[in-house]
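Enquirer: Let me begin by handing over the structure; questions about it come next.
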Amino acid sequence: MDLSKGFYGITMENDSIGTCKKLIDFGAKAIQYRAKNLPSKQMLYESLEIRELTKKANVLMIVNDRLDLALVVGADGVHVGQDDIPPSYLRKIVPKGFIIGLSTHSLDQVLSSEVDFVDYIGVGAVFKTSTKDAVVIGPDLAQQMVKSSKKPAYLIGGIKLSNIDSIKGIGAYGFTSITDVLYNDYGHFLEMLNKWNS
Ligand SMILES: Cc1ncc(COP(=O)(O)OP(=O)(O)O)c(N)n1
Ligand SMILES: Cc1ncsc1CCOP(=O)(O)O
Ligand SMILES: [Mg+2]
């Protein structure tokens, strides 16, 4: 299955299964399981359930941070950050066709040779967000990074219906939005997608 253009969903730690179901109902074609503070055993059980739900719905499943879990549950890929084991090393041990995503926060990171080993990059945080204490790069740098990337780029961080107009022209392959999508209804999500695609 290919990476989905447009929206890339990410679950919320306080209700990973519920938010995964909501994202599937909304029509997300790729979902990342992201939990930062849960015991590994709980993450295993949640990711097994998410694998079942995403398989049934024909949706890509990516696991944040944890290649071990991604491999154990048969996920389609893993998403890693700049301080994790670099993609060039991960690539040596993953099955053929396995998706690797890498977070980037600067032009240097986008131009790094590590990007040769990934299928997509995350670019952000574009805007300030309460979901993560992340460095805010702003839309201008985000645009330069997207334009310089050899790989499809997803924008992330503080993306909402109220600001999506300002980033839709950047040329990114897609975007993620955690809180604004999950705290609102389908109508809000559709409006967001319509704006992104207009
Ligand atoms: C698509 C996508 N882009 C960026 C991130 C952030 O990853 P990271 O910098 O490793 O931070 P955490 O998500 O692990 O807190 C992401 N998860 N997904
Ligand atoms: C995981 C992550 N990485 C950079 S910002 C962010 C959180 C994005 O969450 P939201 O869409 O709620 O701002
Ligand atoms: Mg990470």
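By order of appearance in the structure tokens: chains A, B, ..., then residues from 1 within every chain, and ligands from 1 in the order shown.
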Identify, counting only C-alpha atoms and all ligand atoms, the protein, DNA and RNA residues located within 9 Å of ligand 1, and give them as a VMD selection string.

Expert: chain A and resid 8 to 10 32 to 36 63 to 65 79 to 84 101 to 105 120 to 125 131 to 134 153 to 157 175 to 176

Enquirer: As a ChimeraX atom specification, please: every residue in chain A that DSSP puts in strand (DSSP E).

Expert: /A:6-7,9-10,30-33,60-64,77-80,99-104,120-124,153-156,174-175

Enquirer: For a test of reading the model, state the distance in Å between CA of Leu193 (chain A) and CA of Gly169 (chain A), rounded to one decimal.

Expert: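 So the answer is 13.3 Å.
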
Enquirer: Could you go through region 86-187 of chain A and tell me which residues DSSP, when run on the backbone, assigns to helix (DSSP H, G or I), listing them as an NGL selection string?

Expert: :A and (87-90 or 107-111 or 113-117 or 138-148 or 164-166 or 168-170 or 179-182 or 186-187)

Enquirer: Could you take the residues named above and write them with C-alpha atoms, as a PDB file, in the first residue's frame?

Expert:
```
ATOM      1  CA  PRO A  87      17.174   5.393   9.354  1.00  0.00           C
ATOM      2  CA  SER A  88      20.381   4.138   7.638  1.00  0.00           C
ATOM      3  CA  TYR A  89      20.752   1.605  10.466  1.00  0.00           C
ATOM      4  CA  LEU A  90      17.042   0.773  10.696  1.00  0.00           C
ATOM      5  CA  LEU A 107      17.136  22.547   6.260  1.00  0.00           C
ATOM      6  CA  ASP A 108      20.322  20.669   7.214  1.00  0.00           C
ATOM      7  CA  GLN A 109      18.260  17.742   8.451  1.00  0.00           C
ATOM      8  CA  VAL A 110      16.258  17.681   5.204  1.00  0.00           C
ATOM      9  CA  LEU A 111      19.489  17.654   3.176  1.00  0.00           C
ATOM     10  CA  SER A 113      22.046  11.655   3.729  1.00  0.00           C
ATOM     11  CA  GLU A 114      19.752   9.966   6.288  1.00  0.00           C
ATOM     12  CA  VAL A 115      16.811  11.135   4.184  1.00  0.00           C
ATOM     13  CA  ASP A 116      17.989   8.740   1.436  1.00  0.00           C
ATOM     14  CA  PHE A 117      16.896   5.881   3.680  1.00  0.00           C
ATOM     15  CA  GLY A 138       7.108  28.599  11.040  1.00  0.00           C
ATOM     16  CA  PRO A 139       5.586  28.345   7.551  1.00  0.00           C
ATOM     17  CA  ASP A 140       8.466  30.036   5.666  1.00  0.00           C
ATOM     18  CA  LEU A 141      11.163  27.616   6.795  1.00  0.00           C
ATOM     19  CA  ALA A 142       8.676  24.758   6.420  1.00  0.00           C
ATOM     20  CA  GLN A 143       8.211  25.759   2.775  1.00  0.00           C
ATOM     21  CA  GLN A 144      11.973  25.853   2.124  1.00  0.00           C
ATOM     22  CA  MET A 145      12.334  22.434   3.729  1.00  0.00           C
ATOM     23  CA  VAL A 146       9.486  20.935   1.697  1.00  0.00           C
ATOM     24  CA  LYS A 147      10.865  22.379  -1.536  1.00  0.00           C
ATOM     25  CA  SER A 148      14.364  21.037  -0.768  1.00  0.00           C
ATOM     26  CA  ILE A 164      -4.567  25.480   7.013  1.00  0.00           C
ATOM     27  CA  ASP A 165      -5.126  28.095   4.284  1.00  0.00           C
ATOM     28  CA  SER A 166      -1.726  29.587   5.115  1.00  0.00           C
ATOM     29  CA  LYS A 168      -1.738  24.504   1.840  1.00  0.00           C
ATOM     30  CA  GLY A 169       0.300  26.188  -0.909  1.00  0.00           C
ATOM     31  CA  ILE A 170       3.670  25.122   0.520  1.00  0.00           C
ATOM     32  CA  THR A 179      -5.982  17.904  18.409  1.00  0.00           C
ATOM     33  CA  ASP A 180      -7.925  20.006  15.927  1.00  0.00           C
ATOM     34  CA  VAL A 181      -9.092  16.904  14.087  1.00  0.00           C
ATOM     35  CA  LEU A 182      -9.762  14.691  17.091  1.00  0.00           C
ATOM     36  CA  TYR A 186     -16.492  15.038  10.777  1.00  0.00           C
ATOM     37  CA  GLY A 187     -17.805  18.310   9.331  1.00  0.00           C
TER      38      GLY A 187
END
```

Enquirer: With distances taken over only C-alpha atoms and all ligand atoms, which of A:Val78, A:Ile93, A:Val135, A:Ala57 is nearest to ligand 3?

Expert: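 For ligand 3, the nearest of the candidates is A:Val78.
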
Enquirer: Which residue gives the smallest distance to ligand 3 among A:Ile178, A:Leu67, A:Val126, A:Ala75, with only C-alpha atoms and all ligand atoms counted?

Expert: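 So, comparing all the options, the nearest one is A:Leu67.
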
Enquirer: Hey, what's within 7 Å of region 14-20 of chain A if we count only C-alpha atoms and toss same-chain stuff fewer than 2 positions away? As number ranges by chain, please?

Expert: A: 11-12, 22-24, 46, 50, 182
